Each structure stands twice: as C-alpha cells, then as structure tokens.
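Below is the file input-v7.txt, which contains compact mmCIF, C-alpha atoms.
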```txt
# COMPACT_ATOMS: atom_id res chain seq x y z
CA MET A 750 15.41 1.73 -47.93
CA GLY A 751 16.72 3.99 -45.15
CA LEU A 752 20.20 3.50 -43.81
CA PHE A 753 19.10 3.84 -40.20
CA LYS A 754 16.90 1.54 -38.17
CA LYS A 755 13.76 3.24 -36.95
CA LYS A 756 13.98 3.94 -33.23
CA LYS A 757 11.40 2.04 -31.21
CA LYS A 758 8.94 4.14 -29.22
CA PRO A 759 9.59 4.19 -25.48
CA LYS A 760 7.71 1.67 -23.37
CA VAL A 761 7.50 1.20 -19.61
CA CYS A 762 6.56 -1.97 -17.71
CA VAL A 763 5.99 -1.96 -13.95
CA ILE A 764 5.67 -5.08 -11.78
CA GLY A 765 4.23 -4.42 -8.32
CA LEU A 766 4.66 -6.86 -5.43
CA ASP A 767 2.42 -5.61 -2.66
CA GLY A 768 4.11 -5.54 0.74
CA VAL A 769 7.34 -7.30 -0.25
CA PRO A 770 10.21 -5.88 1.83
CA TYR A 771 13.65 -5.01 0.48
CA SER A 772 15.23 -7.39 3.00
CA MET A 773 13.01 -10.31 1.94
CA ILE A 774 13.47 -9.99 -1.81
CA ARG A 775 17.26 -9.80 -1.35
CA ASP A 776 17.15 -12.84 0.92
CA LEU A 777 15.01 -14.96 -1.42
CA ALA A 778 17.13 -13.93 -4.41
CA GLN A 779 20.40 -14.81 -2.67
CA LYS A 780 19.03 -18.19 -1.51
CA GLY A 781 18.05 -19.18 -5.05
CA ILE A 782 14.30 -19.09 -4.39
CA MET A 783 13.98 -16.22 -6.87
CA PRO A 784 16.84 -16.76 -9.36
CA ASN A 785 15.37 -14.47 -12.00
CA VAL A 786 15.05 -11.63 -9.53
CA ASP A 787 18.64 -12.38 -8.50
CA LYS A 788 19.72 -11.82 -12.13
CA LEU A 789 17.90 -8.50 -12.16
CA ILE A 790 19.54 -7.41 -8.92
CA HIS A 791 22.99 -8.18 -10.33
CA SER A 792 22.25 -6.50 -13.65
CA GLY A 793 20.63 -3.37 -12.21
CA HIS A 794 20.08 -1.59 -8.92
CA LEU A 795 17.84 -2.61 -6.01
CA HIS A 796 16.89 0.47 -3.99
CA LYS A 797 15.64 0.43 -0.43
CA MET A 798 12.65 2.75 -0.47
CA LYS A 799 10.33 4.50 1.96
CA ALA A 800 6.58 3.94 1.71
CA SER A 801 3.90 6.47 2.58
CA LEU A 802 2.93 7.68 6.04
CA PRO A 803 0.78 5.98 7.21
CA GLU A 804 2.47 2.92 5.71
CA ILE A 805 -0.66 1.36 4.23
CA SER A 806 -1.52 0.37 0.67
CA SER A 807 -4.37 2.82 0.07
CA VAL A 808 -2.06 5.76 0.75
CA SER A 809 1.17 4.33 -0.64
CA TRP A 810 -0.27 3.25 -3.99
CA THR A 811 -2.01 6.62 -4.32
CA ASN A 812 1.33 8.35 -3.62
CA PHE A 813 2.80 6.15 -6.38
CA MET A 814 0.20 6.82 -9.04
CA THR A 815 -0.04 10.58 -8.40
CA GLY A 816 3.54 11.39 -7.43
CA THR A 817 2.18 13.37 -4.49
CA ASN A 818 1.32 12.90 -0.80
CA PRO A 819 -1.99 12.88 1.13
CA GLY A 820 -1.92 16.67 1.54
CA SER A 821 -2.29 16.90 -2.24
CA HIS A 822 -4.25 13.78 -3.25
CA GLY A 823 -6.54 13.70 -0.20
CA ILE A 824 -6.37 9.98 0.63
CA PHE A 825 -5.32 9.55 4.27
CA GLY A 826 -6.31 5.91 4.87
CA PHE A 827 -8.77 3.15 4.01
CA THR A 828 -11.29 5.06 6.12
CA ASP A 829 -11.99 8.73 6.75
CA LEU A 830 -14.58 10.80 8.58
CA LYS A 831 -17.47 12.58 6.97
CA GLU A 832 -16.96 16.33 7.07
CA ASN A 833 -17.84 17.92 10.44
CA SER A 834 -18.70 14.46 11.78
CA TYR A 835 -17.34 11.39 13.58
CA GLU A 836 -19.08 9.05 11.14
CA LEU A 837 -16.88 6.79 9.03
CA ARG A 838 -16.76 6.87 5.27
CA PHE A 839 -14.73 4.81 2.83
CA PRO A 840 -12.79 6.93 0.32
CA ASN A 841 -12.41 5.52 -3.18
CA PHE A 842 -10.72 6.38 -6.47
CA LEU A 843 -13.24 9.16 -7.14
CA ASP A 844 -11.95 10.93 -4.02
CA VAL A 845 -8.40 11.21 -5.38
CA LYS A 846 -7.93 14.93 -5.95
CA THR A 847 -4.92 14.90 -8.27
CA GLU A 848 -4.38 13.20 -11.61
CA THR A 849 -2.41 9.98 -12.00
CA PHE A 850 0.63 9.72 -14.21
CA TRP A 851 -1.31 7.54 -16.65
CA ASP A 852 -3.80 10.41 -16.92
CA ARG A 853 -0.86 12.55 -18.00
CA LEU A 854 0.23 9.83 -20.41
CA GLY A 855 -3.29 9.83 -21.85
CA GLU A 856 -2.99 13.57 -22.47
CA GLN A 857 0.08 12.68 -24.58
CA LYS A 858 -2.05 10.15 -26.53
CA LYS A 859 -0.16 7.27 -24.92
CA MET A 860 -2.00 4.08 -24.01
CA SER A 861 -1.80 2.43 -20.58
CA VAL A 862 -2.73 -1.05 -19.40
CA VAL A 863 -3.06 -1.13 -15.62
CA ILE A 864 -3.93 -4.50 -14.04
CA ASN A 865 -4.85 -4.89 -10.38
CA GLN A 866 -3.74 -1.44 -9.22
CA PRO A 867 -4.98 -1.10 -5.60
CA SER A 868 -7.10 1.91 -4.66
CA THR A 869 -8.47 2.52 -8.17
CA TYR A 870 -12.05 1.43 -7.50
CA PRO A 871 -14.39 2.28 -9.04
CA ALA A 872 -12.40 2.14 -12.26
CA ARG A 873 -12.70 5.25 -14.37
CA LYS A 874 -11.97 5.81 -18.01
CA ILE A 875 -8.32 6.15 -19.00
CA ASN A 876 -6.67 6.03 -22.40
CA GLY A 877 -6.37 2.27 -22.33
CA ILE A 878 -7.36 -0.43 -19.84
CA LEU A 879 -7.79 -0.19 -16.07
CA ILE A 880 -8.60 -3.19 -13.85
CA SER A 881 -9.00 -2.11 -10.23
CA GLY A 882 -7.28 -3.93 -7.39
CA PHE A 883 -8.54 -4.11 -3.83
CA VAL A 884 -10.70 -2.72 -2.35
CA ALA A 885 -13.03 -3.55 -5.26
CA ILE A 886 -16.53 -4.86 -4.64
CA GLU A 887 -18.19 -5.44 -8.02
CA MET A 888 -16.37 -6.56 -11.14
CA ALA A 889 -18.68 -4.37 -13.22
CA LYS A 890 -17.29 -1.29 -11.50
CA ALA A 891 -13.71 -2.56 -11.40
CA VAL A 892 -12.99 -2.57 -15.13
CA SER A 893 -12.71 0.11 -17.77
CA PRO A 894 -13.84 -0.29 -20.46
CA LEU A 895 -16.81 -2.29 -19.16
CA ALA A 896 -16.62 -4.62 -22.17
CA LEU A 897 -13.71 -6.36 -20.40
CA LYS A 898 -15.91 -7.66 -17.59
CA ASP A 899 -17.26 -10.79 -19.31
CA PRO A 900 -13.91 -11.85 -20.87
CA LEU A 901 -12.17 -11.48 -17.49
CA GLU A 902 -14.82 -13.52 -15.73
CA LYS A 903 -14.51 -16.24 -18.38
CA LEU A 904 -10.77 -16.33 -17.65
CA GLY A 905 -11.57 -16.99 -13.99
CA TYR A 906 -9.96 -13.66 -13.03
CA GLN A 907 -10.62 -12.61 -9.45
CA ILE A 908 -9.62 -9.31 -7.90
CA ASP A 909 -8.42 -10.64 -4.55
CA ILE A 910 -8.46 -13.72 -2.40
CA ASP A 911 -11.27 -14.23 0.10
CA THR A 912 -9.37 -12.62 2.96
CA PHE A 913 -11.92 -13.45 5.65
CA LYS A 914 -11.89 -17.16 4.86
CA ALA A 915 -8.14 -17.33 4.15
CA ARG A 916 -7.30 -15.69 7.48
CA GLU A 917 -8.93 -18.59 9.32
CA ASP A 918 -8.34 -21.45 6.88
CA HIS A 919 -4.74 -21.64 5.68
CA GLU A 920 -5.34 -24.63 3.42
CA PHE A 921 -7.89 -22.49 1.60
CA LEU A 922 -5.37 -19.61 1.52
CA TRP A 923 -2.95 -21.59 -0.67
CA LYS A 924 -5.70 -22.59 -3.09
CA ASP A 925 -7.00 -19.05 -3.40
CA LEU A 926 -3.50 -17.61 -3.83
CA ALA A 927 -2.89 -20.07 -6.69
CA ARG A 928 -6.25 -19.26 -8.28
CA THR A 929 -5.61 -15.51 -8.11
CA LEU A 930 -2.08 -15.79 -9.48
CA GLU A 931 -3.32 -17.91 -12.38
CA GLY A 932 -5.81 -15.13 -13.15
CA ARG A 933 -2.96 -12.60 -13.28
CA HIS A 934 -1.13 -14.83 -15.77
CA LYS A 935 -4.20 -15.01 -17.99
CA ALA A 936 -4.80 -11.27 -17.80
CA PHE A 937 -1.16 -10.65 -18.73
CA ASP A 938 -1.46 -13.00 -21.71
CA SER A 939 -4.68 -11.31 -22.82
CA PHE A 940 -3.48 -7.71 -22.73
CA TRP A 941 0.25 -7.86 -23.41
CA GLU A 942 -0.12 -7.82 -27.19
CA THR A 943 -2.25 -4.68 -27.21
CA ASP A 944 -0.60 -1.52 -28.49
CA TRP A 945 0.37 -0.04 -25.10
CA ASP A 946 3.00 2.47 -23.99
CA TYR A 947 2.71 1.80 -20.25
CA PHE A 948 1.95 -1.64 -18.79
CA GLU A 949 1.54 -2.38 -15.08
CA ILE A 950 0.56 -5.49 -13.18
CA VAL A 951 0.37 -5.78 -9.39
CA ILE A 952 0.41 -8.94 -7.26
CA THR A 953 -1.42 -8.55 -3.93
CA GLY A 954 -1.26 -12.18 -2.78
CA THR A 955 2.17 -11.39 -1.29
CA ASP A 956 0.63 -8.97 1.21
CA ARG A 957 -2.11 -11.43 2.14
CA LEU A 958 0.32 -14.29 2.66
CA GLN A 959 2.57 -12.25 4.91
CA HIS A 960 -0.27 -10.94 7.07
CA PHE A 961 -1.56 -14.44 7.69
CA LEU A 962 1.61 -16.58 7.62
CA TRP A 963 4.70 -14.44 8.14
CA SER A 964 6.09 -17.09 10.49
CA ALA A 965 6.11 -19.57 7.58
CA TYR A 966 8.80 -17.41 5.98
CA GLU A 967 11.01 -17.02 9.05
CA ASP A 968 10.66 -20.51 10.58
CA GLU A 969 12.25 -23.25 8.45
CA ASN A 970 10.40 -25.88 10.51
CA HIS A 971 7.01 -24.28 9.96
CA LYS A 972 4.32 -26.52 8.47
CA TYR A 973 3.93 -24.15 5.54
CA HIS A 974 7.54 -23.03 5.04
CA LYS A 975 7.85 -24.94 1.75
CA ASN A 976 4.48 -23.60 0.55
CA PHE A 977 5.66 -20.07 1.29
CA LEU A 978 8.88 -20.50 -0.69
CA ASP A 979 7.03 -22.24 -3.52
CA TYR A 980 4.68 -19.28 -3.87
CA TYR A 981 7.67 -16.99 -4.30
CA ARG A 982 9.21 -19.42 -6.79
CA GLN A 983 5.99 -19.15 -8.81
CA LEU A 984 6.18 -15.36 -8.62
CA ASP A 985 9.78 -15.47 -9.82
CA THR A 986 8.71 -17.52 -12.85
CA PHE A 987 5.95 -15.01 -13.59
CA ILE A 988 8.44 -12.14 -13.30
CA GLU A 989 10.78 -13.95 -15.72
CA LYS A 990 7.89 -14.31 -18.19
CA ILE A 991 7.16 -10.56 -18.05
CA VAL A 992 10.83 -9.53 -18.19
CA ASP A 993 11.46 -11.76 -21.23
CA ALA A 994 8.37 -10.45 -23.01
CA PHE A 995 9.43 -6.86 -22.33
CA ALA A 996 12.98 -7.51 -23.56
CA THR A 997 11.58 -8.97 -26.77
CA GLN A 998 9.58 -5.80 -27.42
CA THR A 999 12.23 -3.28 -26.40
CA ASP A 1000 15.61 -5.02 -26.91
CA GLY A 1001 16.54 -4.59 -23.23
CA ASP A 1002 15.31 -3.51 -19.84
CA ASP A 1003 15.17 0.29 -20.21
CA GLY A 1004 11.79 1.21 -18.76
CA LEU A 1005 11.39 -1.96 -16.67
CA TYR A 1006 10.69 -1.43 -12.96
CA LEU A 1007 9.77 -3.59 -9.96
CA LEU A 1008 8.51 -2.21 -6.67
CA SER A 1009 6.61 -2.77 -3.46
CA ASP A 1010 4.38 -0.31 -1.62
CA HIS A 1011 5.65 -1.01 1.92
CA GLY A 1012 7.73 -3.48 3.85
CA PHE A 1013 6.77 -6.21 6.33
CA ALA A 1014 7.82 -7.56 9.72
CA GLU A 1015 6.67 -10.01 12.38
CA ILE A 1016 4.08 -8.74 14.88
CA LYS A 1017 5.15 -8.94 18.53
CA GLN A 1018 2.19 -6.99 19.87
CA GLU A 1019 -0.69 -4.97 18.50
CA VAL A 1020 -0.90 -1.50 20.05
CA TYR A 1021 -4.34 0.05 20.55
CA LEU A 1022 -3.73 3.77 20.49
CA ASN A 1023 -7.25 4.80 21.52
CA VAL A 1024 -6.84 2.81 24.75
CA TRP A 1025 -3.54 4.62 25.36
CA LEU A 1026 -5.26 7.98 24.78
CA GLU A 1027 -7.99 6.99 27.25
CA ARG A 1028 -5.47 5.91 29.89
CA GLU A 1029 -3.61 9.21 29.48
CA GLY A 1030 -6.82 11.24 29.81
CA TYR A 1031 -7.04 12.54 26.24
CA LEU A 1032 -10.03 10.47 25.12
CA ARG A 1033 -13.41 9.68 26.69
CA PHE A 1034 -16.58 8.08 25.41
CA GLU A 1035 -20.22 8.60 26.40
CA THR A 1036 -20.64 4.85 26.99
CA SER A 1037 -18.42 2.20 28.59
CA SER A 1038 -18.49 0.06 25.43
CA PRO A 1039 -18.46 2.40 22.44
CA LYS A 1040 -19.24 1.01 19.01
CA ASP A 1041 -17.53 3.79 17.08
CA LEU A 1042 -16.27 7.36 17.28
CA THR A 1043 -19.78 8.86 17.16
CA GLU A 1044 -19.97 8.06 20.89
CA ILE A 1045 -16.98 10.25 21.72
CA SER A 1046 -17.36 12.63 24.67
CA ALA A 1047 -17.12 16.39 24.20
CA THR A 1048 -14.35 16.39 26.82
CA SER A 1049 -12.05 14.40 24.52
CA ARG A 1050 -8.94 16.12 23.21
CA ALA A 1051 -7.68 13.51 20.70
CA PHE A 1052 -8.65 10.26 19.01
CA THR A 1053 -7.07 7.69 16.69
CA MET A 1054 -8.14 6.28 13.35
CA ASP A 1055 -6.65 3.13 11.86
CA PRO A 1056 -3.89 2.39 11.86
CA ASN A 1057 -1.77 5.13 13.45
CA ARG A 1058 -3.43 8.47 12.70
CA ILE A 1059 -4.04 10.80 15.65
CA TYR A 1060 -6.55 13.61 15.24
CA LEU A 1061 -6.98 16.50 17.66
CA ASN A 1062 -10.62 17.05 18.59
CA LEU A 1063 -10.64 20.61 17.29
CA LYS A 1064 -13.43 23.09 17.95
CA ASP A 1065 -13.50 24.33 14.38
CA LYS A 1066 -13.42 20.86 12.81
CA TYR A 1067 -15.66 18.48 14.81
CA PRO A 1068 -19.14 18.87 16.36
CA LYS A 1069 -17.91 17.93 19.85
CA GLY A 1070 -14.57 19.65 19.48
CA SER A 1071 -12.87 20.76 22.70
CA VAL A 1072 -9.41 21.85 21.56
CA ASP A 1073 -8.90 25.48 20.64
CA PRO A 1074 -6.73 25.90 17.51
CA SER A 1075 -4.32 27.99 19.59
CA GLU A 1076 -3.57 24.86 21.66
CA LYS A 1077 -2.70 22.66 18.67
CA GLN A 1078 1.07 22.90 18.64
CA ASP A 1079 1.51 22.43 22.38
CA LEU A 1080 -0.89 19.46 22.43
CA LYS A 1081 0.83 17.79 19.48
CA LYS A 1082 4.21 18.20 21.15
CA GLU A 1083 2.86 16.82 24.43
CA LEU A 1084 1.33 13.76 22.77
CA ALA A 1085 4.48 13.07 20.74
CA GLU A 1086 6.75 13.23 23.78
CA LYS A 1087 4.53 10.87 25.80
CA LEU A 1088 4.16 8.40 22.94
CA LYS A 1089 7.92 8.23 22.41
CA SER A 1090 8.29 7.03 26.01
CA LEU A 1091 5.79 4.16 25.59
CA GLU A 1092 7.33 0.75 26.34
CA TYR A 1093 6.31 -2.90 26.32
CA SER A 1094 8.29 -5.25 28.61
CA GLY A 1095 11.19 -2.82 28.53
CA GLN A 1096 11.10 -2.45 24.73
CA LYS A 1097 10.62 0.89 23.00
CA VAL A 1098 7.33 0.86 21.08
CA VAL A 1099 7.31 4.13 19.14
CA ARG A 1100 10.10 4.97 16.74
CA ASP A 1101 8.89 8.46 15.82
CA VAL A 1102 5.85 10.71 15.78
CA PHE A 1103 5.40 12.87 12.68
CA ASP A 1104 3.57 16.19 12.62
CA THR A 1105 1.66 16.06 9.35
CA VAL A 1106 2.20 19.77 8.61
CA GLU A 1107 5.88 18.86 8.30
CA ILE A 1108 5.54 15.72 6.15
CA TYR A 1109 2.51 16.56 3.98
CA SER A 1110 2.12 19.39 1.51
CA GLY A 1111 -0.79 20.62 -0.54
CA PRO A 1112 -4.26 22.11 -0.09
CA HIS A 1113 -5.76 19.21 1.89
CA VAL A 1114 -3.31 18.90 4.81
CA ALA A 1115 -5.85 20.26 7.30
CA SER A 1116 -8.36 17.57 6.33
CA GLY A 1117 -6.07 14.80 7.50
CA PRO A 1118 -4.62 13.64 10.81
CA ASP A 1119 -2.49 15.85 13.03
CA LEU A 1120 0.07 13.20 13.96
CA ILE A 1121 1.29 9.90 12.48
CA VAL A 1122 2.74 7.42 14.97
CA LEU A 1123 5.52 5.29 13.50
CA SER A 1124 6.14 2.17 15.53
CA GLU A 1125 9.26 0.14 16.03
CA TYR A 1126 9.24 -3.11 14.04
CA GLY A 1127 7.00 -5.64 15.77
CA PHE A 1128 4.47 -3.21 17.23
CA ASP A 1129 1.42 -2.98 14.99
CA MET A 1130 -0.61 0.17 15.58
CA LYS A 1131 -4.41 -0.09 15.59
CA GLY A 1132 -7.27 2.40 15.95
CA SER A 1133 -9.99 0.19 17.47
CA VAL A 1134 -12.37 1.86 19.98
CA LYS A 1135 -13.54 -1.48 21.38
CA LYS A 1136 -10.34 -2.76 23.02
CA LYS A 1137 -9.76 -2.46 26.76
CA GLU A 1138 -5.97 -2.96 26.94
CA ILE A 1139 -3.15 -1.06 25.24
CA PHE A 1140 -1.40 -4.23 24.04
CA GLY A 1141 -2.88 -7.42 22.59
CA ARG A 1142 -2.78 -9.96 19.79
CA SER A 1143 -5.02 -11.19 17.00
CA ASN A 1144 -4.31 -14.03 14.57
CA LEU A 1145 -2.45 -11.69 12.20
CA GLN A 1146 1.26 -12.52 12.06
CA GLY A 1147 2.77 -9.80 9.88
CA MET A 1148 2.64 -6.00 9.90
CA HIS A 1149 3.52 -3.21 7.48
CA THR A 1150 6.79 -1.29 7.78
CA TRP A 1151 7.67 2.15 6.41
CA ASP A 1152 11.32 2.14 5.37
CA ASP A 1153 11.80 -1.36 3.94
CA ALA A 1154 9.95 -1.20 0.62
CA PHE A 1155 11.98 -1.86 -2.54
CA PHE A 1156 12.37 -0.41 -6.02
CA TRP A 1157 14.36 -2.07 -8.81
CA ALA A 1158 15.56 -0.28 -11.95
CA ASN A 1159 18.33 -1.06 -14.42
CA SER A 1160 20.35 1.85 -13.01
CA GLU A 1161 20.57 3.81 -9.79
CA LYS A 1162 17.77 6.34 -9.43
CA GLY A 1163 18.94 8.30 -6.41
CA GLU A 1164 19.35 8.05 -2.65
CA ASP A 1165 16.61 8.10 -0.02
CA LEU A 1166 13.82 7.29 -2.48
CA SER A 1167 10.19 7.49 -1.51
CA ILE A 1168 7.36 5.82 -3.42
CA SER A 1169 6.02 9.24 -4.44
CA ASP A 1170 9.26 9.79 -6.41
CA LEU A 1171 8.55 6.93 -8.82
CA SER A 1172 6.00 8.60 -11.08
CA GLY A 1173 8.62 11.20 -12.01
CA ILE A 1174 11.14 8.44 -12.80
CA ILE A 1175 8.57 6.65 -14.95
CA MET A 1176 7.56 9.81 -16.82
CA GLU A 1177 11.20 10.56 -17.67
CA ASN A 1178 11.01 7.65 -20.14
CA PHE A 1179 8.46 9.59 -22.18
CA SER A 1180 10.08 13.02 -22.17
```

Would you mind writing the structure in this file as structure tokens?
Amino acid sequence: MGLFKKKKKPKVCVIGLDGVPYSMIRDLAQKGIMPNVDKLIHSGHLHKMKASLPEISSVSWTNFMTGTNPGSHGIFGFTDLKENSYELRFPNFLDVKTETFWDRLGEQKKMSVVINQPSTYPARKINGILISGFVAIEMAKAVSPLALKDPLEKLGYQIDIDTFKAREDHEFLWKDLARTLEGRHKAFDSFWETDWDYFEIVITGTDRLQHFLWSAYEDENHKYHKNFLDYYRQLDTFIEKIVDAFATQTDGDDGLYLLSDHGFAEIKQEVYLNVWLEREGYLRFETSSPKDLTEISATSRAFTMDPNRIYLNLKDKYPKGSVDPSEKQDLKKELAEKLKSLEYSGQKVVRDVFDTVEIYSGPHVASGPDLIVLSEYGFDMKGSVKKKEIFGRSNLQGMHTWDDAFFWANSEKGEDLSISDLSGIIMENFS
C-alpha cells in the first residue's frame, strides 16, 4: 500500500443565478433569507462584476462560455439583421463563432454536465451532457445526447416558465417558478453522480421573477413580498444541497463558483430610442405606422435594435444606406453627445454611450452595432419601432443593469472583473 493518498482529480462546479444583482444577494444574505449564501460570503470572496454590453443574457452568457466578447463570438443580441437587409433573424447557438470552454475541456478528454445554460439552443454534442436554457423551443433540440429527452420529460423538467402567462397572472407565476425549480432539483439529482469534471446548473426563474415583480422585493408591504423572499429561501436551500455535495466529492470548495449574468433595478421609465432618433431627425420610415425596420426610409442615418444598440445606416452595409463611411466617426460622436444630454423630469437618462470599436475586439466587430447606450438605473432602453413617445411604461417592473452582477469564489480573483474573465478562472483549475 502506498504511503501517500492519491490526489483527487480537479473538479469545478458552477451555480448560475440569472439576473441576481450583487447588491441583492448581499442584502438577502445579511438579512438571513439566504443563510447558506451568507456562509459562503464570509468564507470566500463576493466580487461585484460587470456584465456584457449590451447587458442582456444572450450576450452575457455567451461572453461567459467563450471568454470573449461579441466582436469575437458574433452574438450581439437576441435578434440580429440578415446580411445586407433590415429583416430580423434570431441567432442561436450554431451562430456562436468561437468555442466554449467546455469544448476546450472536451479536447482534454474532460467531461462536462451543463444544465439550463441560456443561449445554447439548439444543443450540440459536447463531451458530456448539455441541456439548453432559454431561448429553447423544442425539448428534442435542447438536449444532447438526445437519449436524455424522455427521462427529462418523465421528471417533469421544463426549460423555462411560461413567460407570457406569468407576466399577466402572478398567481400562475409562483406555481410555474416552483415547478421549474423542482425540475432543476431532479436534474441535479439525476446527473450529479455521473463521472464529470465540470458541472454547471443555471436558475433562470430569478430573472423572470424580477422582471415581473421587482416591487415585491423592495416593498415590505407588497402582496407578494413573502412569496419573493420564500423563493430565495428555496434557492438558498438548493445552493446548500449543491455546495454540500461538491464538498463531499472534493473535500472543500476549491473549484466552486456562483455567478449572475447581469444585475437588476426598478424601472422608472422605458426609453424608446427609435422615437428619440426620429425626433432628432436621424430616423424616418416610409409609413406613419411601421411594423418593422424593413419600412425604413433611405434618408435615415441611424436606427436602434433592442435593447440599446444603435446602428448607423451605412451605404456599404444596408440596402437603403445613406451614411458614407467617412462620416461614421463624426456621426457617432454627435449621437453620443446628444444622448448624454437626454433627461426625464430633470433626471439624467443616459449614463454613457460606448463606441463598439473601443469595447469589442475580434473579426466580427463591423457586423455589430456602432454604439451601445448605457442608461442610468431606472431607465430601460427599448428598440421598438411602433411607439410614438420617447418615454413610457409597460407592466414590466425590473430592468437589467451592467455593473451589478456578482461572482463568488473561495478567494479573491482580481479587481474590476467582467463576465468574460470567468472562463479563464475556471480553466485554471485544470491546468
């Protein structure tokens, strides 16, 4: 018998909480709503982290899984335009132009189990198991290997809540959140004992809850305040279950990480950037009530796509382009300066305007937007072409924020972290 205990192979476990802000998780931990997370915070390091630009899940999660930015991976939003066209298309996982870190792990013969990772639909083969998160339409295309489809359906696993129904019916929201979370528990139980090297599970009910009922978190007298806190108590129990299981396998928390893909805040007003562009004379349509961007006028100089992406109507890029490439820099500067002066009832609306050639890198920068408009908290940017006023409200209560995501590790991992930094941190465990 050898004198030395055989060293266990490195393992990594990632818990994703979609849209949970740094400020919220600290608050709920300190108040005893999430006591297990509180233990983690005191035993390790909770980092405040920047999300992607734009600060939406499709881009942020793709930044996470590739360790790159849209200029490299080619995903600029939930929607994009067909090449040399104003027609919308919906990018999916097959459009991601760089490999994920679990692809790199597969090249090292390491096995990954990835459950409910957003923006991985349709699921493609990896060395292990991949269950796509939203936006996923058919279960048959959301799982790899396909043999998992029937067992998952028998477990009652569902990819997401019914967001259309839950947005209008909050009693239904709680039931569907509970159903979805139970499915995550069952999936965890089913796949934890497989021989994996990397294990990830993402909860997206957090994002849904905060879009529809953010006020239930902030207002202690809200009808659903207790329901909101109870949901986070249930999440805390689930986190404890995963943390304990990981500690049993690894004798500690080396390789354990928690993160969110963006922060959240209350909506004061929605801001319809295409209306602002029209008012300022940069955008015109061929009809008074356009249905989409295909009805743009050839006199237009700029347009917006959801949520806060401004594109110049360039001659060499779009069929009705009017802007000469030599005018690009001056027009971007002009738009940025005007946007930064936008106010609502005396409040500053725009925090910053980013030129994408300065924040993106890679071969696909020119395919994306020219400017990203970052709002002040409370002003939710939108790209609708059907609105008639710059400011308005819908029944959404919460909005995404850029600089209030979180990342937990058992030790400090650096200052000024961005979500695209995390794949490098994860891969260090296997070097």

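Distance-wise, CA of Ser1172 in chain A and CA of Gly816 in chain A end up 5.2 Å apart.
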
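If you count all atoms listed in the file and ignore residues fewer than 4 places along the chain from Asp899 in chain A, what sits within 10 Å of it is A:Met888, A:Ala889, A:Leu895, A:Lys903, A:Leu904, A:Gly905.
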
Open item on the list: Under the rule that all atoms listed in the file are counted, which of A:Thr817, A:Gln1096, A:Ser861, A:Thr1150 is the nearest residue to Lys846 in chain A?
Closed with: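 Using all atoms listed in the file, Lys846 in chain A sits closest to A:Thr817.
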
- [ ] Mind checking which residues fall within 8 Å of range 987-996 of chain A, counting only C-alpha atoms, ignoring those fewer than 4 positions away in the same chain, and posting them as JSON, numbers by chain?
- [x] {"A": [762, 764, 785, 786, 934, 983, 1000, 1001, 1002, 1005]}

- [ ] Rank A:Asn1178, A:Gly1127, A:Lys1089, A:Leu795 by their smallest atom-to-atom distance to Pro759 in chain A, using all atoms listed in the file, and report the top residue only.
- [x]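 Of the candidates, the smallest distance to Pro759 in chain A is held by A:Asn1178.
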
Task: Nearest-residue call for Thr1048 in chain A, choices A:Val808, A:Leu1032, A:Ala778, A:Ile1121, using all atoms listed in the file - done: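 When distances to Thr1048 in chain A are compared using all atoms listed in the file, the smallest one comes from A:Leu1032.
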
Missing atoms in range 1106-1120 of chain A need filling: write out N, CA and C atoms for it as a PDB file, keeping the file's coordinate frame.
```
ATOM      1  N   VAL A1106       1.896  18.514   9.316  1.00  0.00           N
ATOM      2  CA  VAL A1106       2.200  19.770   8.610  1.00  0.00           C
ATOM      3  C   VAL A1106       3.644  19.801   8.144  1.00  0.00           C
ATOM      4  N   GLU A1107       4.467  18.922   8.692  1.00  0.00           N
ATOM      5  CA  GLU A1107       5.880  18.860   8.300  1.00  0.00           C
ATOM      6  C   GLU A1107       6.147  17.796   7.229  1.00  0.00           C
ATOM      7  N   ILE A1108       5.281  16.792   7.123  1.00  0.00           N
ATOM      8  CA  ILE A1108       5.540  15.720   6.150  1.00  0.00           C
ATOM      9  C   ILE A1108       4.574  15.724   4.976  1.00  0.00           C
ATOM     10  N   TYR A1109       3.453  16.432   5.083  1.00  0.00           N
ATOM     11  CA  TYR A1109       2.510  16.560   3.980  1.00  0.00           C
ATOM     12  C   TYR A1109       2.610  17.964   3.402  1.00  0.00           C
ATOM     13  N   SER A1110       2.207  18.082   2.144  1.00  0.00           N
ATOM     14  CA  SER A1110       2.120  19.390   1.510  1.00  0.00           C
ATOM     15  C   SER A1110       0.947  19.380   0.557  1.00  0.00           C
ATOM     16  N   GLY A1111       0.341  20.548   0.364  1.00  0.00           N
ATOM     17  CA  GLY A1111      -0.790  20.620  -0.540  1.00  0.00           C
ATOM     18  C   GLY A1111      -2.007  21.231   0.142  1.00  0.00           C
ATOM     19  N   PRO A1112      -3.080  21.397  -0.601  1.00  0.00           N
ATOM     20  CA  PRO A1112      -4.260  22.110  -0.090  1.00  0.00           C
ATOM     21  C   PRO A1112      -5.132  21.333   0.888  1.00  0.00           C
ATOM     22  N   HIS A1113      -4.857  20.031   1.074  1.00  0.00           N
ATOM     23  CA  HIS A1113      -5.760  19.210   1.890  1.00  0.00           C
ATOM     24  C   HIS A1113      -5.134  18.745   3.203  1.00  0.00           C
ATOM     25  N   VAL A1114      -4.008  19.327   3.582  1.00  0.00           N
ATOM     26  CA  VAL A1114      -3.310  18.900   4.810  1.00  0.00           C
ATOM     27  C   VAL A1114      -4.237  18.978   6.019  1.00  0.00           C
ATOM     28  N   ALA A1115      -5.000  20.061   6.126  1.00  0.00           N
ATOM     29  CA  ALA A1115      -5.850  20.260   7.300  1.00  0.00           C
ATOM     30  C   ALA A1115      -6.985  19.252   7.399  1.00  0.00           C
ATOM     31  N   SER A1116      -7.295  18.570   6.307  1.00  0.00           N
ATOM     32  CA  SER A1116      -8.360  17.570   6.330  1.00  0.00           C
ATOM     33  C   SER A1116      -7.909  16.251   6.941  1.00  0.00           C
ATOM     34  N   GLY A1117      -6.621  16.062   7.047  1.00  0.00           N
ATOM     35  CA  GLY A1117      -6.070  14.800   7.500  1.00  0.00           C
ATOM     36  C   GLY A1117      -5.744  14.772   8.982  1.00  0.00           C
ATOM     37  N   PRO A1118      -5.001  13.761   9.399  1.00  0.00           N
ATOM     38  CA  PRO A1118      -4.620  13.640  10.810  1.00  0.00           C
ATOM     39  C   PRO A1118      -3.629  14.720  11.210  1.00  0.00           C
ATOM     40  N   ASP A1119      -3.470  14.884  12.513  1.00  0.00           N
ATOM     41  CA  ASP A1119      -2.490  15.850  13.030  1.00  0.00           C
ATOM     42  C   ASP A1119      -1.144  15.197  13.282  1.00  0.00           C
ATOM     43  N   LEU A1120      -1.165  13.932  13.668  1.00  0.00           N
ATOM     44  CA  LEU A1120       0.070  13.200  13.960  1.00  0.00           C
ATOM     45  C   LEU A1120       0.000  11.805  13.330  1.00  0.00           C
TER      46      LEU A1120
END
```
